>>> print(open('work04.txt').read())   # compact mmCIF, C-alpha atoms and all ligand atoms
# COMPACT_ATOMS: atom_id res chain seq x y z
CA MET A 129 -15.48 121.15 155.21
CA ASN A 130 -18.44 122.85 153.63
CA LYS A 131 -17.08 124.20 150.37
CA HIS A 132 -20.10 126.45 149.94
CA ASN A 133 -19.11 128.39 153.03
CA VAL A 134 -16.30 130.38 151.46
CA SER A 135 -15.54 134.07 151.31
CA LEU A 136 -12.70 136.41 150.42
CA THR A 137 -11.01 137.59 153.61
CA ILE A 138 -8.45 139.92 152.06
CA SER A 139 -6.71 140.76 148.80
CA ALA A 140 -3.29 141.47 150.21
CA GLY A 141 -1.25 143.88 148.12
CA ARG A 142 1.31 144.56 150.84
CA ARG A 143 3.50 142.28 152.92
CA ASP A 144 1.98 143.48 156.20
CA GLN A 145 -1.47 142.38 154.98
CA LEU A 146 -0.49 138.72 154.57
CA ILE A 147 -2.46 136.54 156.98
CA ARG A 148 -0.53 134.53 159.59
CA ASP A 149 -3.07 133.54 162.20
CA GLY A 150 -2.22 129.87 162.79
CA ARG A 151 -5.00 128.55 160.59
CA CYS A 152 -3.67 126.35 157.82
CA GLN A 153 -3.28 127.53 154.25
CA ILE A 154 -3.40 125.84 150.86
CA ALA A 155 -1.73 127.93 148.17
CA PHE A 156 -2.21 127.94 144.39
CA SER A 157 1.10 128.73 142.71
CA GLY A 158 2.15 128.89 139.07
CA ARG A 159 2.90 131.13 136.16
CA SER A 160 0.50 133.77 135.06
CA ASN A 161 -2.36 132.38 132.96
CA VAL A 162 -1.79 128.75 134.01
CA GLY A 163 -5.27 128.69 135.57
CA LYS A 164 -4.87 129.19 139.33
CA SER A 165 -7.95 131.36 139.79
CA SER A 166 -9.99 129.15 137.45
CA ALA A 167 -8.94 126.05 139.42
CA LEU A 168 -10.04 127.66 142.66
CA ASN A 169 -13.43 128.53 141.18
CA ARG A 170 -13.92 125.05 139.75
CA LEU A 171 -12.94 123.31 142.99
CA LEU A 172 -15.39 125.43 144.95
CA GLY A 173 -18.10 125.16 142.31
CA ARG A 174 -18.22 128.91 141.87
CA LYS A 175 -18.24 130.93 138.67
CA SER A 176 -16.19 133.92 139.60
CA LEU A 177 -15.14 133.91 143.22
CA ALA A 178 -11.51 134.37 142.15
CA ARG A 179 -11.04 136.73 139.23
CA VAL A 180 -10.16 135.17 135.89
CA SER A 181 -9.14 137.00 132.76
CA SER A 182 -7.99 136.27 129.24
CA SER A 183 -5.23 138.85 129.74
CA PRO A 184 -2.38 137.44 131.85
CA GLY A 185 -1.42 139.06 135.11
CA LYS A 186 -4.94 139.39 136.44
CA THR A 187 -4.16 138.42 140.01
CA VAL A 188 -1.68 140.94 141.40
CA THR A 189 -2.54 140.45 145.05
CA VAL A 190 -2.37 137.47 147.39
CA ASN A 191 -6.03 136.57 147.84
CA PHE A 192 -7.04 134.71 150.99
CA PHE A 193 -10.32 132.79 150.83
CA ASP A 194 -11.66 131.60 154.17
CA LEU A 195 -12.95 128.07 153.64
CA ASP A 196 -15.49 127.19 156.31
CA GLY A 197 -13.23 128.46 159.09
CA ALA A 198 -11.02 125.40 158.49
CA CYS A 199 -8.32 126.83 156.23
CA TYR A 200 -7.46 129.56 153.78
CA LEU A 201 -7.24 128.87 150.08
CA VAL A 202 -4.63 131.29 148.80
CA ASP A 203 -4.65 132.51 145.20
CA LEU A 204 -1.14 133.76 144.47
CA PRO A 205 -0.23 136.19 141.71
CA GLY A 206 1.39 134.43 138.75
CA TYR A 207 5.00 134.73 137.67
CA GLY A 208 6.61 134.86 134.26
CA PHE A 209 4.41 137.54 132.81
CA ALA A 210 6.79 139.29 130.39
CA ARG A 211 4.76 142.42 129.85
CA ARG A 212 4.84 143.49 133.47
CA SER A 213 6.81 146.61 134.33
CA GLU A 214 9.94 146.41 136.47
CA ALA A 215 8.06 148.05 139.35
CA GLU A 216 5.31 145.42 139.09
CA LYS A 217 7.87 142.62 139.01
CA ARG A 218 9.51 144.02 142.13
CA ALA A 219 6.14 144.23 143.86
CA TRP A 220 5.45 140.60 142.87
CA SER A 221 8.80 139.41 144.26
CA SER A 222 8.44 141.34 147.47
CA LEU A 223 4.98 139.96 148.13
CA THR A 224 5.58 136.34 147.17
CA ASP A 225 9.00 136.22 148.89
CA ALA A 226 7.32 137.43 152.06
CA TYR A 227 4.55 134.89 151.60
CA PHE A 228 6.88 131.88 151.22
CA CYS A 229 9.36 133.16 153.78
CA ARG A 230 7.04 132.41 156.68
CA HIS A 231 5.52 129.12 155.72
CA GLU A 232 4.65 127.54 159.06
CA ASP A 233 0.90 127.76 158.30
CA LEU A 234 1.34 126.42 154.78
CA ALA A 235 -0.10 122.89 154.68
CA LEU A 236 0.30 122.40 150.94
CA VAL A 237 1.18 124.20 147.73
CA LEU A 238 -0.66 123.21 144.59
CA GLN A 239 1.98 123.95 141.96
CA LEU A 240 0.14 124.35 138.67
CA VAL A 241 1.86 123.51 135.39
CA ASP A 242 0.28 123.83 131.93
CA LEU A 243 0.13 120.29 130.56
CA LYS A 244 0.10 121.46 126.98
CA THR A 245 3.24 123.59 127.11
CA GLY A 246 5.00 121.68 129.91
CA PRO A 247 7.03 123.30 132.70
CA SER A 248 8.62 126.68 131.96
CA LYS A 249 12.02 127.81 133.26
CA ASP A 250 10.21 129.68 136.04
CA ASP A 251 8.15 126.59 136.91
CA ARG A 252 11.37 124.61 137.29
CA MET A 253 12.83 127.32 139.52
CA MET A 254 9.68 127.37 141.62
CA ILE A 255 9.71 123.58 142.03
CA SER A 256 13.39 123.63 143.04
CA PHE A 257 12.63 126.39 145.52
CA LEU A 258 9.75 124.46 147.13
CA ARG A 259 11.98 121.38 147.42
CA GLU A 260 14.91 123.29 148.92
CA VAL A 261 12.80 125.07 151.50
CA GLY A 262 10.91 121.86 152.29
CA ILE A 263 7.42 123.18 151.59
CA PRO A 264 5.01 120.30 150.90
CA PHE A 265 3.65 120.46 147.37
CA VAL A 266 2.02 118.50 144.57
CA VAL A 267 1.93 119.32 140.87
CA VAL A 268 -1.43 119.95 139.24
CA ALA A 269 -1.28 119.61 135.45
CA THR A 270 -3.83 122.07 134.07
CA LYS A 271 -5.77 122.54 130.83
CA LEU A 272 -6.13 118.79 130.32
CA ASP A 273 -9.13 119.46 128.06
CA LYS A 274 -6.84 121.04 125.45
CA LEU A 275 -5.06 117.76 124.69
CA ASN A 276 -6.14 114.62 122.89
CA LYS A 277 -5.70 111.25 124.56
CA THR A 278 -2.30 110.50 123.01
CA ASN A 279 -0.81 113.85 123.97
CA ARG A 280 -2.28 113.70 127.47
CA GLU A 281 -0.52 110.45 128.16
CA LYS A 282 2.70 111.56 126.51
CA ASN A 283 2.87 114.92 128.31
CA LEU A 284 1.79 113.45 131.64
CA SER A 285 4.50 110.79 131.56
CA ALA A 286 7.13 113.40 130.68
CA LEU A 287 5.97 115.69 133.49
CA GLU A 288 5.79 112.85 136.03
CA GLU A 289 9.27 111.76 135.11
CA GLU A 290 10.61 115.28 135.42
CA VAL A 291 9.15 116.07 138.85
CA PHE A 292 9.49 112.57 140.37
CA PRO A 293 8.90 111.73 143.24
CA THR A 294 6.35 114.57 143.49
CA PRO A 295 2.90 113.34 142.41
CA VAL A 296 1.17 114.91 139.40
CA PHE A 297 -2.61 115.36 139.24
CA PRO A 298 -4.18 115.98 135.84
CA PHE A 299 -6.90 118.61 135.95
CA SER A 300 -9.19 120.76 133.84
CA SER A 301 -11.08 123.77 135.12
CA LEU A 302 -13.11 123.76 131.93
CA SER A 303 -14.39 120.16 132.07
CA GLY A 304 -13.93 119.52 135.79
CA GLU A 305 -11.83 116.41 135.13
CA GLY A 306 -9.57 115.66 138.09
CA ALA A 307 -11.40 118.09 140.37
CA ASP A 308 -12.62 115.45 142.86
CA ARG A 309 -9.13 114.10 143.25
CA VAL A 310 -7.55 117.50 143.80
CA TRP A 311 -10.30 118.35 146.27
CA SER A 312 -9.52 115.26 148.33
CA ILE A 313 -5.83 116.19 148.32
CA ILE A 314 -6.82 119.53 149.83
CA GLU A 315 -9.09 117.92 152.45
CA ASN A 316 -6.40 115.43 153.42
CA ALA A 317 -3.77 118.16 153.74
CA VAL A 318 -6.03 120.24 155.98
CA GLU A 319 -6.86 117.24 158.16
CA ALA A 320 -3.23 116.15 158.46
CA PHE A 321 -2.18 119.68 159.34
CA SER A 322 -4.82 120.02 162.06
CA ALA A 323 -4.01 116.57 163.47
CA GLU A 324 -0.32 117.48 163.72
CA ARG A 325 -1.08 120.84 165.36
CA ASN A 326 -3.28 119.15 167.94
CA SER A 327 -0.91 116.29 168.72
N1 LIG B 401 -9.15 125.36 128.18
C1 LIG B 401 -8.89 125.71 129.44
N2 LIG B 401 -8.68 127.01 129.74
C2 LIG B 401 -8.40 127.32 131.03
C3 LIG B 401 -8.32 126.33 132.04
N3 LIG B 401 -8.00 126.95 133.21
C4 LIG B 401 -7.89 128.27 132.91
N4 LIG B 401 -8.14 128.50 131.61
C5 LIG B 401 -8.12 129.81 130.93
O1 LIG B 401 -6.83 130.39 131.08
C6 LIG B 401 -6.89 131.80 131.28
C7 LIG B 401 -6.18 132.21 132.56
O2 LIG B 401 -6.85 131.65 133.68
P1 LIG B 401 -6.68 132.22 135.15
O3 LIG B 401 -7.41 131.29 136.05
O4 LIG B 401 -7.03 133.68 135.21
O5 LIG B 401 -5.10 132.07 135.35
P2 LIG B 401 -4.21 132.51 136.59
O6 LIG B 401 -3.19 131.43 136.77
O7 LIG B 401 -5.06 132.80 137.78
O8 LIG B 401 -3.50 133.83 136.05
P3 LIG B 401 -2.90 135.09 136.88
O9 LIG B 401 -3.98 135.59 137.78
O10 LIG B 401 -2.51 136.03 135.79
O11 LIG B 401 -1.70 134.60 137.61
C8 LIG B 401 -8.40 132.14 131.26
O12 LIG B 401 -8.72 132.56 129.95
C9 LIG B 401 -9.06 130.81 131.60
O13 LIG B 401 -10.37 130.72 131.08
C10 LIG B 401 -8.55 124.96 131.69
O14 LIG B 401 -8.50 124.01 132.50
N5 LIG B 401 -8.83 124.72 130.37
MG MG B 402 -5.30 134.52 138.89
>>> encode(input="work04.txt", output="structure tokens", more="lines below")
Ligand SMILES: Nc1nc2c(ncn2[C@@H]2O[C@H](COP(=O)(O)OP(=O)(O)OP(=O)(O)O)[C@@H](O)[C@H]2O)c(=O)[nH]1
Ligand SMILES: [Mg+2]
Amino acid sequence: MNKHNVSLTISAGRRDQLIRDGRCQIAFSGRSNVGKSSALNRLLGRKSLARVSSSPGKTVTVNFFDLDGACYLVDLPGYGFARRSEAEKRAWSSLTDAYFCRHEDLALVLQLVDLKTGPSKDDRMMISFLREVGIPFVVVATKLDKLNKTNREKNLSALEEEVFPTPVFPFSSLSGEGADRVWSIIENAVEAFSAERNS
């Protein structure tokens, strides 16, 4: 996959705009401000393909990025943003429920968790949901750069223990640490998905 051949196909704000075309999808999920859009940019080596902001709640649409015709990278809107209006929360639920409801094209969810703060109540709910529905996922522990060595190890062990047997991949969008590993997880998931489809 040529990661330089990437473009935004659609920012879906409505359920009927969600793409289901048989091509596999890799989704970035997590609470608002955890770093989903930043992770996407870092992995693709782009500054601002996906929009990043210091104010939470930036991504309010489901953004589908066509990666070299091989898969879609999907930047989901974050949850747990307290200052959203009720109408906005309803719109979020409607869109993300619809997204996860039909998950046959979903090869993998990268479930992002802030390594500094640890999993929130909503993160735990999301992880339980992915398990129950049987959607394949891994946990990506973000903002690694914010922690010193001792706290990295401590928080990583706690997170690994909590989400076991799901693997945890430490990552920083700022420094790029862990990016190669997460990229290979994506490549492997796309390959495995295509192999299964073709078998
Ligand atoms: N230090 C540090 N800051 C990060 C990292 N990743 C993201 N940030 C910062 O966190 C803030 C939120 O990042 P986004 O990528 O917009 O987060 P998001 O998960 O897409 O948020 P929503 O679109 O609201 O759901 C921005 O100020 C980023 O610069 C990281 O690895 N390290
Ligand atoms: Mg975002």
>>> atom_distance(input="work04.txt", atom1="CA of Asn191 (chain A)", atom2="CA of Ala219 (chain A)")
14.9 Å
>>> closest_atom_pairs(input="work04.txt", of="chain A", to="ligand LIG 401 (chain B)", cutoff="10 Å", atoms="only C-alpha atoms and all ligand atoms", output="CSV")
residue,atom,partner,partner_atom,distance
A:Phe156,CA,B:LIG401,O6,8.4
A:Ser157,CA,B:LIG401,O6,7.8
A:Gly158,CA,B:LIG401,O6,6.3
A:Arg159,CA,B:LIG401,O11,5.9
A:Ser160,CA,B:LIG401,O11,3.5
A:Asn161,CA,B:LIG401,O8,3.6
A:Val162,CA,B:LIG401,O6,4.1
A:Gly163,CA,B:LIG401,O5,3.4
A:Lys164,CA,B:LIG401,O6,3.8
A:Ser165,CA,B:LIG401,O3,3.8
A:Ser166,CA,B:LIG401,O3,3.6
A:Ala167,CA,B:LIG401,N3,6.3
A:Leu168,CA,B:LIG401,O3,8.0
A:Asn169,CA,B:LIG401,O3,8.4
A:Arg170,CA,B:LIG401,N3,9.0
A:Ser176,CA,B:LIG401,O3,9.8
A:Ala178,CA,B:LIG401,O7,7.9
A:Arg179,CA,B:LIG401,O4,6.4
A:Val180,CA,B:LIG401,O4,3.5
A:Ser181,CA,B:LIG401,O4,4.6
A:Ser182,CA,B:LIG401,O12,3.8
A:Ser183,CA,B:LIG401,O12,7.2
A:Pro184,CA,B:LIG401,O10,4.2
A:Gly185,CA,B:LIG401,O10,3.3
A:Lys186,CA,B:LIG401,O9,4.1
A:Thr187,CA,B:LIG401,O9,3.6
A:Val188,CA,B:LIG401,O9,6.9
A:Thr189,CA,B:LIG401,O9,8.9
A:Val190,CA,B:LIG401,O9,9.9
A:Asp203,CA,B:LIG401,O7,7.4
A:Leu204,CA,B:LIG401,O11,6.9
A:Pro205,CA,B:LIG401,O11,4.6
A:Gly206,CA,B:LIG401,O11,3.3
A:Tyr207,CA,B:LIG401,O11,6.7
A:Gly208,CA,B:LIG401,O11,9.0
A:Phe209,CA,B:LIG401,O10,7.7
A:Leu240,CA,B:LIG401,O6,8.1
A:Val241,CA,B:LIG401,O6,9.5
A:Asp242,CA,B:LIG401,O14,8.8
A:Leu243,CA,B:LIG401,O14,9.6
A:Ala269,CA,B:LIG401,O14,9.0
A:Thr270,CA,B:LIG401,O14,5.3
A:Lys271,CA,B:LIG401,O14,3.5
A:Leu272,CA,B:LIG401,O14,6.1
A:Asp273,CA,B:LIG401,N5,5.8
A:Lys274,CA,B:LIG401,N1,5.6
A:Leu275,CA,B:LIG401,N1,9.3
A:Pro298,CA,B:LIG401,O14,9.7
A:Phe299,CA,B:LIG401,O14,6.6
A:Ser300,CA,B:LIG401,O14,3.6
A:Ser301,CA,B:LIG401,O14,3.7
A:Leu302,CA,B:LIG401,O14,4.7
A:Ser303,CA,B:LIG401,O14,7.0
A:Gly304,CA,B:LIG401,O14,7.8
A:Glu305,CA,B:LIG401,O14,8.7
>>> closest_residue(input="work04.txt", among="A:Val296, A:Leu136, A:Val310, A:Cys199", to="Asp149 (chain A)", atoms="all atoms listed in the file")
A:Cys199
>>> closest_residue(input="work04.txt", among="A:Val202, A:Val266, A:Leu172, A:Cys152", to="Ile138 (chain A)", atoms="all atoms listed in the file")
A:Val202
>>> atom_distance(input="work04.txt", atom1="CA of Phe192 (chain A)", atom2="CA of Lys217 (chain A)")
20.7 Å
>>> closest_residue(input="work04.txt", among="A:Val237, A:Ala198, A:Leu177, A:Leu146", to="ligand MG 402 (chain B)", atoms="all atoms listed in the file")
A:Leu177
>>> atom_distance(input="work04.txt", atom1="CA of Gly246 (chain A)", atom2="CA of Arg259 (chain A)")
18.9 Å
>>> closest_residue(input="work04.txt", among="A:Asn276, A:Asn283, A:Asn316, A:Ser221", to="Leu236 (chain A)", atoms="all atoms listed in the file")
A:Asn316
>>> axis_aligned_box(input="work04.txt", around="region 238-253 of chain A", padding_each_side="3 Å", output="JSON")
{"center_x": 6.1, "center_y": 125.0, "center_z": 135.8, "size_x": 19.5, "size_y": 15.4, "size_z": 23.6}
>>> residues_around(input="work04.txt", residues="Glu324 (chain A)", least_positions_apart="4", cutoff="12 Å", atoms="only C-alpha atoms", output="ChimeraX atom specification")
/A:152,233,235,317-320
>>> closest_residue(input="work04.txt", among="A:Arg148, A:Ala155, A:His132, A:Ala286", to="ligand MG 402 (chain B)", atoms="only C-alpha atoms and all ligand atoms")
A:Ala155
>>> closest_residue(input="work04.txt", among="A:Arg252, A:Asp225, A:Ser139, A:Val267", to="ligand MG 402 (chain B)", atoms="only C-alpha atoms and all ligand atoms")
A:Ser139
>>> decode(input="work04.txt", residues="region 209-226 of chain A", atoms="N, CA and C atoms", output="CSV table (one decimal), in the first residue's frame")
chain,number,residue,atom,x,y,z
A,209,PHE,N,-17.6,14.0,25.1
A,209,PHE,CA,-17.3,15.4,25.1
A,209,PHE,C,-18.5,16.1,25.8
A,210,ALA,N,-18.2,16.5,27.1
A,210,ALA,CA,-19.3,17.0,27.9
A,210,ALA,C,-20.0,18.2,27.4
A,211,ARG,N,-19.3,19.1,26.8
A,211,ARG,CA,-19.9,20.3,26.4
A,211,ARG,C,-20.7,20.3,25.1
A,212,ARG,N,-21.0,19.1,24.6
A,212,ARG,CA,-21.8,19.0,23.4
A,212,ARG,C,-23.3,19.1,23.8
A,213,SER,N,-24.1,19.7,22.9
A,213,SER,CA,-25.5,19.8,23.2
A,213,SER,C,-26.2,18.5,23.1
A,214,GLU,N,-27.4,18.4,23.6
A,214,GLU,CA,-28.1,17.1,23.5
A,214,GLU,C,-28.3,16.7,22.0
A,215,ALA,N,-28.6,17.7,21.2
A,215,ALA,CA,-28.9,17.4,19.8
A,215,ALA,C,-27.6,16.9,19.2
A,216,GLU,N,-26.5,17.4,19.5
A,216,GLU,CA,-25.2,17.0,19.0
A,216,GLU,C,-24.9,15.5,19.4
A,217,LYS,N,-25.2,15.3,20.7
A,217,LYS,CA,-25.0,13.9,21.2
A,217,LYS,C,-25.9,12.9,20.5
A,218,ARG,N,-27.1,13.3,20.2
A,218,ARG,CA,-28.0,12.4,19.5
A,218,ARG,C,-27.5,12.2,18.1
A,219,ALA,N,-27.0,13.2,17.5
A,219,ALA,CA,-26.4,13.1,16.1
A,219,ALA,C,-25.2,12.1,16.1
A,220,TRP,N,-24.4,12.3,17.2
A,220,TRP,CA,-23.2,11.4,17.3
A,220,TRP,C,-23.7,9.9,17.4
A,221,SER,N,-24.6,9.7,18.3
A,221,SER,CA,-25.1,8.3,18.6
A,221,SER,C,-25.7,7.7,17.3
A,222,SER,N,-26.5,8.5,16.6
A,222,SER,CA,-27.2,8.0,15.5
A,222,SER,C,-26.1,7.6,14.4
A,223,LEU,N,-25.1,8.4,14.2
A,223,LEU,CA,-24.1,8.2,13.2
A,223,LEU,C,-23.2,7.0,13.6
A,224,THR,N,-22.7,7.0,14.8
A,224,THR,CA,-21.8,5.9,15.2
A,224,THR,C,-22.5,4.6,15.3
A,225,ASP,N,-23.8,4.6,15.8
A,225,ASP,CA,-24.5,3.4,15.9
A,225,ASP,C,-24.7,2.8,14.5
A,226,ALA,N,-25.0,3.6,13.6
A,226,ALA,CA,-25.2,3.1,12.2
A,226,ALA,C,-23.9,2.6,11.7
